[in-house]
file final35.tsv (TSV, C-alpha atoms)
chain	number	residue	atom	x	y	z
M	16	MET	CA	11.47	161.96	170.73
M	17	GLU	CA	14.66	160.09	171.37
M	18	VAL	CA	17.67	158.72	169.52
M	19	ASN	CA	19.17	155.54	170.89
M	20	ASN	CA	22.82	154.55	170.77
M	21	ARG	CA	22.49	152.46	167.60
M	22	GLU	CA	20.51	155.15	165.81
M	23	LEU	CA	23.09	157.74	166.82
M	24	TRP	CA	26.01	155.74	165.38
M	25	THR	CA	24.03	154.93	162.24
M	26	LEU	CA	23.39	158.65	161.83
M	27	ILE	CA	27.06	159.49	162.39
M	28	HIS	CA	28.06	156.84	159.84
M	29	GLY	CA	25.59	157.69	157.09
M	30	MET	CA	24.17	161.16	157.61
M	31	VAL	CA	27.23	162.93	159.03
M	32	LEU	CA	30.44	161.29	157.78
M	33	GLY	CA	29.05	159.65	154.64
M	34	ALA	CA	27.08	162.71	153.62
M	35	VAL	CA	30.06	165.04	154.20
M	36	PHE	CA	32.19	162.85	151.93
M	37	LEU	CA	29.62	162.75	149.15
M	38	LEU	CA	28.93	166.48	149.38
M	39	ALA	CA	32.64	167.37	149.50
M	40	PHE	CA	33.12	165.50	146.24
M	41	GLY	CA	31.40	168.31	144.35
M	42	GLY	CA	33.78	170.87	145.78
M	43	GLY	CA	36.84	168.74	145.13
M	44	LEU	CA	35.76	167.99	141.57
M	45	ALA	CA	35.11	171.66	140.79
M	46	GLY	CA	38.37	172.72	142.43
M	47	LEU	CA	40.51	170.25	140.49
M	48	TRP	CA	38.62	170.68	137.23
M	49	SER	CA	39.07	174.45	137.13
M	50	LEU	CA	42.68	174.43	138.31
M	51	ARG	CA	44.13	175.27	134.91
M	52	GLU	CA	46.84	177.76	134.06
M	53	LYS	CA	44.69	179.53	131.47
M	54	LEU	CA	41.84	180.01	133.94
M	55	VAL	CA	43.54	180.96	137.18
M	56	THR	CA	45.94	183.79	138.02
M	57	THR	CA	48.81	183.52	140.48
M	58	ASP	CA	46.66	185.17	143.15
M	59	GLY	CA	43.86	182.75	142.29
M	60	VAL	CA	46.15	179.77	142.80
M	61	THR	CA	47.31	181.16	146.13
M	62	GLU	CA	43.72	181.65	147.21
M	63	ARG	CA	42.48	178.24	146.01
M	64	THR	CA	45.30	175.96	147.09
M	65	PRO	CA	44.65	175.92	150.86
M	66	ARG	CA	40.95	175.27	150.21
M	67	LEU	CA	41.74	172.39	147.86
M	68	LEU	CA	44.28	171.02	150.30
M	69	ILE	CA	41.89	171.15	153.25
M	70	GLY	CA	39.01	169.82	151.14
M	71	THR	CA	40.83	166.76	149.79
M	72	THR	CA	42.42	166.00	153.15
M	73	VAL	CA	39.06	166.21	154.92
M	74	MET	CA	37.57	163.94	152.25
M	75	ALA	CA	40.25	161.31	152.83
M	76	VAL	CA	39.96	161.47	156.62
M	77	VAL	CA	36.17	161.34	156.47
M	78	ALA	CA	36.30	158.38	154.05
M	79	TRP	CA	38.43	156.43	156.53
M	80	LEU	CA	36.23	157.39	159.48
M	81	THR	CA	33.03	156.47	157.61
M	82	CYS	CA	34.35	153.01	156.79
M	83	LEU	CA	35.84	152.44	160.25
M	84	VAL	CA	32.63	153.44	162.04
M	85	GLY	CA	30.53	151.48	159.56
M	86	THR	CA	32.61	148.33	159.80
M	87	TRP	CA	33.58	148.22	163.45
M	88	ILE	CA	30.57	149.81	165.12
M	89	VAL	CA	27.43	149.56	162.95
M	90	TYR	CA	28.10	146.40	160.94
M	91	PRO	CA	28.33	144.03	163.97
M	92	TRP	CA	24.80	145.11	164.97
M	93	TYR	CA	23.61	144.40	161.44
M	94	ARG	CA	25.12	140.91	161.23
M	95	ALA	CA	24.52	139.80	164.81
M	96	ALA	CA	23.36	136.19	165.07
M	97	PRO	CA	19.81	135.71	166.38
M	98	THR	CA	19.42	134.43	169.91
M	99	GLU	CA	19.16	130.67	170.28
M	100	GLY	CA	15.74	129.26	169.51
M	101	LEU	CA	14.50	132.31	167.60
M	102	GLU	CA	12.67	131.34	164.41
M	103	THR	CA	14.75	132.60	161.46
M	104	THR	CA	12.36	131.80	158.62
M	105	VAL	CA	9.65	134.24	159.67
M	106	GLN	CA	10.09	138.02	159.67
M	107	SER	CA	8.87	138.45	163.22
M	108	ALA	CA	9.20	141.52	165.42
M	109	GLU	CA	11.78	139.67	167.52
M	110	LEU	CA	13.89	138.84	164.45
M	111	ALA	CA	13.85	142.52	163.40
M	112	ALA	CA	16.52	143.10	166.06
M	113	PHE	CA	18.84	141.09	163.81
M	114	PRO	CA	18.65	142.91	160.43
M	115	ARG	CA	20.74	140.47	158.37
M	116	SER	CA	18.71	137.48	159.50
M	117	TRP	CA	15.46	139.42	159.10
M	118	LEU	CA	16.28	140.24	155.47
M	119	LEU	CA	17.31	136.65	154.72
M	120	ALA	CA	14.09	135.29	156.26
M	121	SER	CA	12.08	136.24	153.18
M	122	GLU	CA	12.79	135.75	149.49
M	123	GLY	CA	11.34	139.19	148.92
M	124	THR	CA	14.05	140.91	150.97
M	125	ALA	CA	16.97	138.47	150.81
M	126	GLN	CA	18.56	140.29	147.87
M	127	TRP	CA	18.96	143.39	150.02
M	128	HIS	CA	21.56	141.41	151.92
M	129	GLU	CA	22.84	139.00	149.28
M	130	PHE	CA	23.46	141.71	146.71
M	131	GLY	CA	23.02	145.10	148.38
M	132	MET	CA	24.86	144.62	151.66
M	133	GLU	CA	27.49	142.30	150.18
M	134	TRP	CA	28.36	144.96	147.61
M	135	LYS	CA	28.12	147.90	150.02
M	136	GLU	CA	30.32	146.47	152.76
M	137	HIS	CA	33.09	145.69	150.27
M	138	VAL	CA	33.08	148.39	147.62
M	139	ALA	CA	32.95	151.11	150.28
M	140	TRP	CA	36.45	150.20	151.40
M	141	LEU	CA	37.95	151.20	148.05
M	142	ALA	CA	36.98	154.84	148.66
M	143	PRO	CA	39.47	155.64	151.48
M	144	PHE	CA	42.43	154.39	149.46
M	145	LEU	CA	41.39	156.36	146.37
M	146	ALA	CA	40.64	159.52	148.35
M	147	THR	CA	43.98	159.29	150.15
M	148	ALA	CA	45.82	159.19	146.83
M	149	VAL	CA	44.10	162.43	145.80
M	150	ALA	CA	44.81	164.08	149.15
M	151	PHE	CA	48.46	163.05	149.11
M	152	ALA	CA	48.99	164.42	145.58
M	153	THR	CA	47.39	167.71	146.64
M	154	ILE	CA	49.59	167.96	149.73
M	155	TYR	CA	52.71	166.99	147.79
M	156	TYR	CA	52.32	169.45	144.92
M	157	GLY	CA	50.41	172.22	146.67
M	158	ALA	CA	50.25	175.35	144.51
M	159	GLN	CA	52.43	173.66	141.88
M	160	LEU	CA	49.63	171.24	141.01
M	161	ILE	CA	48.37	173.72	138.41
M	162	HIS	CA	51.41	172.93	136.25
M	163	HIS	CA	50.62	169.20	136.19
M	164	GLY	CA	47.64	168.71	133.93
M	165	GLU	CA	48.18	164.97	133.59
M	166	MET	CA	48.42	164.54	137.36
M	167	ARG	CA	45.34	166.69	137.90
M	168	ARG	CA	43.34	164.58	135.44
M	169	ALA	CA	44.51	161.38	137.16
M	170	MET	CA	43.38	162.84	140.48
M	171	LEU	CA	39.98	163.63	138.97
M	172	VAL	CA	39.64	160.01	137.87
M	173	PHE	CA	40.58	158.69	141.32
M	174	LEU	CA	38.29	161.21	143.01
M	175	THR	CA	35.40	160.13	140.78
M	176	LEU	CA	36.08	156.44	141.46
M	177	ALA	CA	36.11	157.18	145.21
M	178	PHE	CA	32.78	158.94	144.82
M	179	ALA	CA	31.35	156.03	142.82
M	180	ALA	CA	32.41	153.52	145.50
M	181	ALA	CA	31.05	155.69	148.30
M	182	GLY	CA	27.92	156.42	146.29
M	183	VAL	CA	27.08	152.73	145.85
M	184	ALA	CA	27.68	152.18	149.56
M	185	GLY	CA	25.60	155.21	150.51
M	186	VAL	CA	22.62	154.34	148.34
M	187	PHE	CA	22.49	150.71	149.49
M	188	GLY	CA	23.11	151.77	153.08
M	189	ALA	CA	20.08	154.05	152.97
M	190	LEU	CA	17.85	151.48	151.25
M	191	ILE	CA	18.87	148.62	153.54
M	192	THR	CA	18.41	150.78	156.63
M	193	LYS	CA	14.93	151.69	155.37
M	194	SER	CA	14.10	148.00	154.97
M	195	ALA	CA	15.81	146.67	158.10
M	196	PRO	CA	17.16	149.32	160.47
M	197	VAL	CA	19.86	148.34	162.97
M	198	ALA	CA	18.17	150.35	165.72
X	20	MET	CA	49.67	188.07	132.78
X	21	GLU	CA	51.80	187.00	135.67
X	22	THR	CA	52.79	183.35	135.72
X	23	THR	CA	53.74	181.09	138.59
X	24	PRO	CA	57.19	179.49	138.53
X	25	VAL	CA	57.15	176.01	137.05
X	26	GLN	CA	57.77	173.39	139.71
X	27	THR	CA	60.47	170.78	139.60
X	28	LYS	CA	59.15	168.26	142.10
X	29	PRO	CA	59.55	164.70	140.81
X	30	ASN	CA	56.33	162.69	140.48
X	31	GLY	CA	57.78	159.49	141.99
X	32	PRO	CA	56.25	159.80	145.49
X	33	VAL	CA	52.77	160.48	144.09
X	34	ALA	CA	53.12	157.70	141.53
X	35	ALA	CA	54.07	155.37	144.39
X	36	ASN	CA	50.85	156.25	146.17
X	37	PHE	CA	48.72	155.72	143.07
X	38	VAL	CA	50.16	152.24	142.48
X	39	ALA	CA	49.88	151.40	146.20
X	40	THR	CA	46.20	152.37	146.01
X	41	GLY	CA	45.75	149.96	143.12
X	42	ILE	CA	47.55	147.21	145.01
X	43	ALA	CA	45.38	147.78	148.09
X	44	CYS	CA	42.20	147.57	146.00
X	45	LEU	CA	43.37	144.36	144.32
X	46	VAL	CA	44.51	142.76	147.59
X	47	PHE	CA	41.17	143.62	149.18
X	48	GLY	CA	39.34	142.09	146.21
X	49	ILE	CA	41.47	138.93	146.35
X	50	PHE	CA	40.68	138.43	150.04
X	51	VAL	CA	36.98	139.03	149.36
X	52	VAL	CA	37.14	136.13	146.89
X	53	LEU	CA	39.32	133.94	149.14
X	54	ASN	CA	36.88	134.43	152.01
X	55	GLU	CA	34.17	132.86	149.87
X	56	PHE	CA	36.12	129.61	149.79
X	57	GLY	CA	35.49	129.38	153.53
X	58	GLY	CA	37.45	126.78	155.44
X	59	SER	CA	40.77	127.76	156.99
X	60	ILE	CA	41.20	130.98	154.99
X	61	GLY	CA	37.69	132.08	155.97
X	62	ASP	CA	38.50	131.40	159.62
X	63	PHE	CA	41.87	133.15	159.36
X	64	LEU	CA	40.25	136.33	158.05
X	65	LYS	CA	38.16	136.67	161.21
X	66	PHE	CA	40.71	139.03	162.76
X	67	ASP	CA	38.12	140.24	165.25
X	68	ALA	CA	37.92	136.81	166.84
X	69	ASN	CA	41.52	135.71	166.17
X	70	PHE	CA	43.34	138.86	167.25
X	71	GLY	CA	40.74	140.76	169.26
X	72	LEU	CA	40.43	143.47	166.63
X	73	GLY	CA	36.79	144.36	167.16
X	74	SER	CA	33.84	142.18	167.95
X	75	GLY	CA	31.32	140.70	165.55
X	76	VAL	CA	32.91	142.12	162.41
X	77	GLY	CA	33.75	138.68	161.02
X	78	GLY	CA	35.82	138.11	157.90
X	79	LEU	CA	35.56	141.73	156.82
X	80	SER	CA	38.01	142.65	159.60
X	81	GLY	CA	40.76	140.52	158.07
X	82	LYS	CA	40.10	141.65	154.51
X	83	VAL	CA	40.33	145.32	155.51
X	84	ILE	CA	43.37	145.00	157.75
X	85	LEU	CA	45.33	142.97	155.19
X	86	ALA	CA	44.47	145.48	152.45
X	87	VAL	CA	45.66	148.35	154.66
X	88	ILE	CA	48.89	146.48	155.43
X	89	ALA	CA	49.43	145.82	151.69
X	90	TYR	CA	48.78	149.52	151.04
X	91	LEU	CA	51.27	150.75	153.61
X	92	ILE	CA	53.99	148.29	152.67
X	93	SER	CA	53.67	148.86	148.92
X	94	TRP	CA	53.48	152.63	149.36
X	95	GLY	CA	56.57	152.61	151.57
X	96	ALA	CA	58.53	150.34	149.23
X	97	LEU	CA	57.58	152.20	146.06
X	98	TYR	CA	58.18	155.54	147.74
X	99	TYR	CA	61.68	154.37	148.67
X	100	VAL	CA	62.36	153.20	145.11
X	101	TRP	CA	60.83	156.21	143.33
X	102	ARG	CA	61.68	159.03	145.75
X	103	GLY	CA	63.37	161.88	143.92
X	104	LYS	CA	62.61	160.28	140.56
X	105	GLU	CA	60.45	161.26	137.62
X	106	VAL	CA	58.54	158.22	136.36
X	107	ASP	CA	56.35	157.65	133.30
X	108	PHE	CA	53.11	158.68	134.94
X	109	ARG	CA	50.95	157.58	132.02
X	110	ARG	CA	52.06	153.99	132.53
X	111	VAL	CA	51.75	154.31	136.28
X	112	LEU	CA	48.19	155.56	135.94
X	113	ALA	CA	47.29	152.80	133.49
X	114	ALA	CA	48.68	150.13	135.85
X	115	SER	CA	46.93	151.73	138.83
X	116	LEU	CA	43.59	151.87	137.03
X	117	ILE	CA	43.85	148.21	136.02
X	118	LEU	CA	44.54	147.25	139.65
X	119	VAL	CA	41.72	149.46	140.94
X	120	GLY	CA	39.40	148.07	138.26
X	121	LEU	CA	40.18	144.53	139.35
X	122	GLY	CA	39.46	145.59	142.92
X	123	PHE	CA	36.04	146.91	141.87
X	124	LEU	CA	35.36	143.74	139.87
X	125	LEU	CA	36.30	141.36	142.68
X	126	THR	CA	34.13	143.22	145.20
X	127	PHE	CA	31.04	142.90	142.99
X	128	PRO	CA	28.80	140.16	144.45
X	129	PRO	CA	27.93	138.37	141.18
X	130	VAL	CA	31.69	137.94	140.67
X	131	PHE	CA	32.95	136.95	144.11
X	132	LEU	CA	29.91	134.82	144.94
X	133	ILE	CA	30.88	132.55	142.04
X	134	PHE	CA	33.49	131.21	144.49
X	135	ALA	CA	31.06	130.73	147.38
call {"tool": "encode", "arguments": {"input": "final35.tsv", "output": "structure tokens"}}
result
Amino acid sequence: MEVNNRELWTLIHGMVLGAVFLLAFGGGLAGLWSLREKLVTTDGVTERTPRLLIGTTVMAVVAWLTCLVGTWIVYPWYRAAPTEGLETTVQSAELAAFPRSWLLASEGTAQWHEFGMEWKEHVAWLAPFLATAVAFATIYYGAQLIHHGEMRRAMLVFLTLAFAAAGVAGVFGALITKSAPVA
Amino acid sequence: METTPVQTKPNGPVAANFVATGIACLVFGIFVVLNEFGGSIGDFLKFDANFGLGSGVGGLSGKVILAVIAYLISWGALYYVWRGKEVDFRRVLAASLILVGLGFLLTFPPVFLIFA
């Protein structure tokens, strides 16, 4: 049993960083949703604030790292041009080393690139910006966030949009990797 | 029941970040569309080849880097303008959501591939 370099980075991108972001969303959503004056005492706010602050900050950092690793490390392997002379209209074993070209070689799989990958590689990049806005608001207001219902609701919207963007990227990433792994 | 003291922090800095996020999403979406035109703009966006920022990333490198630059500049400028101020956050949120929505729309393949 062995994991090669490409498999390792693909795992870091999708199963470690990406999964941490998607899982942390649940915690962030619950934390922000329940942060209401009628539900939480002063002690409760004091206890929750550091957790919310760390959680949203980690989400933002992880969102950036996921996209950076995905774009600058994994993506070049995916879109690498086939070696000269290699037949690009047949899904051969040799062409499998070039996932983008392998997918495009058949009408049955071309949509995984033309729709799936094209959407994934772009929409994913909206998540870090959205997550950073949530993290910054949490850092800025700290324990005082509980007094800002409108701000808290706006943060929930941005957090959900970040999750949606990352979710689309994650689902297509998994399905494309299943069809044409970069390893 | 004990209550926490009501804060007095102005919302300007956070509003600045929300709008900057919207601007970044829109700028990213615009460059996704522009890249589809190909030609000189398509070549320009290959920051990996043009400026040595990565290898094999292609046009995505330029789209991302320009969106990040737009984000930092707009956040800095709006922060400077709105620091210490209380702004109408409802309007700020509405504007931000429109910008973010456009970003989502322009990064959806059936939309941006119209320009391919």
call {"tool": "closest_atom_pairs", "arguments": {"input": "final35.tsv", "of": "chain X", "to": "chain M", "cutoff": "6 Å", "atoms": "all atoms listed in the file", "output": "Markdown table"}}
result
| residue | atom | partner | partner_atom | distance |
| --- | --- | --- | --- | --- |
| X:Thr23 | CA | M:Thr57 | CA | 5.8 |
| X:Gln26 | CA | M:Gln159 | CA | 5.8 |
| X:Val33 | CA | M:Ala152 | CA | 5.7 |
| X:Asn36 | CA | M:Ala148 | CA | 5.9 |
| X:Phe37 | CA | M:Ala148 | CA | 5.9 |
| X:Thr40 | CA | M:Phe144 | CA | 5.5 |
| X:Cys44 | CA | M:Leu141 | CA | 6.0 |
| X:Gly75 | CA | M:Pro91 | CA | 4.7 |
| X:Val76 | CA | M:Pro91 | CA | 5.2 |
| X:Thr126 | CA | M:His137 | CA | 5.7 |
| X:Phe127 | CA | M:Trp134 | CA | 5.7 |
| X:Pro128 | CA | M:Trp134 | CA | 5.8 |
call {"tool": "atom_distance", "arguments": {"input": "final35.tsv", "atom1": "CA of Arg115 (chain M)", "atom2": "CA of Val35 (chain M)"}}
result
26.6 Å
call {"tool": "axis_aligned_box", "arguments": {"input": "final35.tsv", "around": "region 82-95 of chain M", "padding_each_side": "3 Å", "output": "JSON"}}
result
{"center_x": 29.7, "center_y": 146.6, "center_z": 161.0, "size_x": 18.2, "size_y": 19.6, "size_z": 14.3}
call {"tool": "residues_around", "arguments": {"input": "final35.tsv", "residues": "Leu125 (chain X)", "least_positions_apart": "6", "cutoff": "12 Å", "atoms": "all atoms listed in the file", "output": "ChimeraX atom specification"}}
result
/M:133-134,137-138,141 /X:44-55,118-119,131-134
call {"tool": "atom_distance", "arguments": {"input": "final35.tsv", "atom1": "CA of Leu110 (chain M)", "atom2": "CA of Glu17 (chain M)"}}
result
22.4 Å
call {"tool": "atom_distance", "arguments": {"input": "final35.tsv", "atom1": "CA of Gly61 (chain X)", "atom2": "CA of Val87 (chain X)"}}
result
18.2 Å
call {"tool": "residues_around", "arguments": {"input": "final35.tsv", "residues": "Val105 (chain M)", "least_positions_apart": "3", "cutoff": "9 Å", "atoms": "only C-alpha atoms", "output": "list in words"}}
result
Glu102, Leu110, Trp117, Ala120 and Ser121 of chain M
call {"tool": "write_last_selection", "arguments": {"input": "final35.tsv", "atoms": "C-alpha atoms", "output": "PDB file, in the frame of the given file"}}
result
ATOM      1  CA  GLU M 102      12.670 131.340 164.410  1.00  0.00           C
ATOM      2  CA  LEU M 110      13.890 138.840 164.450  1.00  0.00           C
ATOM      3  CA  TRP M 117      15.460 139.420 159.100  1.00  0.00           C
ATOM      4  CA  ALA M 120      14.090 135.290 156.260  1.00  0.00           C
ATOM      5  CA  SER M 121      12.080 136.240 153.180  1.00  0.00           C
TER       6      SER M 121
END
call {"tool": "closest_residue", "arguments": {"input": "final35.tsv", "among": "M:Lys193, M:Arg168, M:Arg21, M:His28", "to": "Ser49 (chain M)", "atoms": "all atoms listed in the file"}}
result
M:Arg168
call {"tool": "residues_near_point", "arguments": {"input": "final35.tsv", "point": "(60.7, 153.2, 140.6)", "cutoff": "12 Å", "atoms": "all atoms listed in the file", "output": "VMD selection string"}}
result
chain X and resid 29 to 36 38 93 to 108 110 to 111
call {"tool": "closest_residue", "arguments": {"input": "final35.tsv", "among": "M:Val197, M:Glu62, M:Met74, M:Leu174", "to": "Ser116 (chain M)", "atoms": "all atoms listed in the file"}}
result
M:Val197
call {"tool": "closest_residue", "arguments": {"input": "final35.tsv", "among": "X:Gly122, X:Gly78, X:Gly73, X:Pro129", "to": "Gly58 (chain X)", "atoms": "only C-alpha atoms"}}
result
X:Gly78
call {"tool": "closest_residue", "arguments": {"input": "final35.tsv", "among": "M:Gly123, M:Gly70, M:Pro65, M:Pro114", "to": "Phe36 (chain M)", "atoms": "only C-alpha atoms"}}
result
M:Gly70
call {"tool": "closest_residue", "arguments": {"input": "final35.tsv", "among": "X:Asp62, X:Phe70, X:Ile42, X:Ile117", "to": "Ala89 (chain X)", "atoms": "all atoms listed in the file"}}
result
X:Ile42
call {"tool": "residues_around", "arguments": {"input": "final35.tsv", "residues": "Val31 (chain M)", "least_positions_apart": "3", "cutoff": "12 Å", "atoms": "all atoms listed in the file", "output": "PyMOL selection string"}}
result
chain M and resi 23-28+34-39+77-78+80-81+84-85+185
call {"tool": "closest_residue", "arguments": {"input": "final35.tsv", "among": "M:Gly29, M:Gly100, M:Gly164, M:Gly43", "to": "Val73 (chain M)", "atoms": "only C-alpha atoms"}}
result
M:Gly43
call {"tool": "build_atoms", "arguments": {"input": "final35.tsv", "residues": "region 156-173 of chain M", "atoms": "N, CA and C atoms", "output": "PDB file, in the frame of the given file"}}
result
ATOM      1  N   TYR M 156      52.071 168.410 145.919  1.00  0.00           N
ATOM      2  CA  TYR M 156      52.320 169.450 144.920  1.00  0.00           C
ATOM      3  C   TYR M 156      51.905 170.838 145.384  1.00  0.00           C
ATOM      4  N   GLY M 157      50.876 170.914 146.212  1.00  0.00           N
ATOM      5  CA  GLY M 157      50.410 172.220 146.670  1.00  0.00           C
ATOM      6  C   GLY M 157      50.071 173.129 145.506  1.00  0.00           C
ATOM      7  N   ALA M 158      50.560 174.370 145.549  1.00  0.00           N
ATOM      8  CA  ALA M 158      50.250 175.350 144.510  1.00  0.00           C
ATOM      9  C   ALA M 158      50.827 174.964 143.155  1.00  0.00           C
ATOM     10  N   GLN M 159      51.794 174.066 143.148  1.00  0.00           N
ATOM     11  CA  GLN M 159      52.430 173.660 141.880  1.00  0.00           C
ATOM     12  C   GLN M 159      51.567 172.678 141.084  1.00  0.00           C
ATOM     13  N   LEU M 160      50.494 172.214 141.677  1.00  0.00           N
ATOM     14  CA  LEU M 160      49.630 171.240 141.010  1.00  0.00           C
ATOM     15  C   LEU M 160      49.088 171.784 139.681  1.00  0.00           C
ATOM     16  N   ILE M 161      48.933 173.097 139.618  1.00  0.00           N
ATOM     17  CA  ILE M 161      48.370 173.720 138.410  1.00  0.00           C
ATOM     18  C   ILE M 161      49.232 173.456 137.178  1.00  0.00           C
ATOM     19  N   HIS M 162      50.505 173.183 137.387  1.00  0.00           N
ATOM     20  CA  HIS M 162      51.410 172.930 136.250  1.00  0.00           C
ATOM     21  C   HIS M 162      51.390 171.467 135.808  1.00  0.00           C
ATOM     22  N   HIS M 163      50.623 170.640 136.483  1.00  0.00           N
ATOM     23  CA  HIS M 163      50.620 169.200 136.190  1.00  0.00           C
ATOM     24  C   HIS M 163      49.241 168.744 135.728  1.00  0.00           C
ATOM     25  N   GLY M 164      48.953 169.054 134.482  1.00  0.00           N
ATOM     26  CA  GLY M 164      47.640 168.710 133.930  1.00  0.00           C
ATOM     27  C   GLY M 164      47.360 167.216 133.972  1.00  0.00           C
ATOM     28  N   GLU M 165      48.364 166.422 133.618  1.00  0.00           N
ATOM     29  CA  GLU M 165      48.180 164.970 133.590  1.00  0.00           C
ATOM     30  C   GLU M 165      47.883 164.434 135.000  1.00  0.00           C
ATOM     31  N   MET M 166      48.620 164.948 135.972  1.00  0.00           N
ATOM     32  CA  MET M 166      48.420 164.540 137.360  1.00  0.00           C
ATOM     33  C   MET M 166      47.022 164.953 137.838  1.00  0.00           C
ATOM     34  N   ARG M 167      46.653 166.166 137.490  1.00  0.00           N
ATOM     35  CA  ARG M 167      45.340 166.690 137.900  1.00  0.00           C
ATOM     36  C   ARG M 167      44.214 165.829 137.318  1.00  0.00           C
ATOM     37  N   ARG M 168      44.369 165.429 136.068  1.00  0.00           N
ATOM     38  CA  ARG M 168      43.340 164.580 135.440  1.00  0.00           C
ATOM     39  C   ARG M 168      43.292 163.197 136.112  1.00  0.00           C
ATOM     40  N   ALA M 169      44.465 162.680 136.452  1.00  0.00           N
ATOM     41  CA  ALA M 169      44.510 161.380 137.160  1.00  0.00           C
ATOM     42  C   ALA M 169      43.807 161.499 138.511  1.00  0.00           C
ATOM     43  N   MET M 170      44.035 162.626 139.183  1.00  0.00           N
ATOM     44  CA  MET M 170      43.380 162.840 140.480  1.00  0.00           C
ATOM     45  C   MET M 170      41.863 162.925 140.322  1.00  0.00           C
ATOM     46  N   LEU M 171      41.417 163.548 139.230  1.00  0.00           N
ATOM     47  CA  LEU M 171      39.980 163.630 138.970  1.00  0.00           C
ATOM     48  C   LEU M 171      39.384 162.241 138.780  1.00  0.00           C
ATOM     49  N   VAL M 172      40.118 161.379 138.084  1.00  0.00           N
ATOM     50  CA  VAL M 172      39.640 160.010 137.870  1.00  0.00           C
ATOM     51  C   VAL M 172      39.544 159.272 139.205  1.00  0.00           C
ATOM     52  N   PHE M 173      40.588 159.372 140.015  1.00  0.00           N
ATOM     53  CA  PHE M 173      40.580 158.690 141.320  1.00  0.00           C
ATOM     54  C   PHE M 173      39.483 159.253 142.234  1.00  0.00           C
TER      55      PHE M 173
END
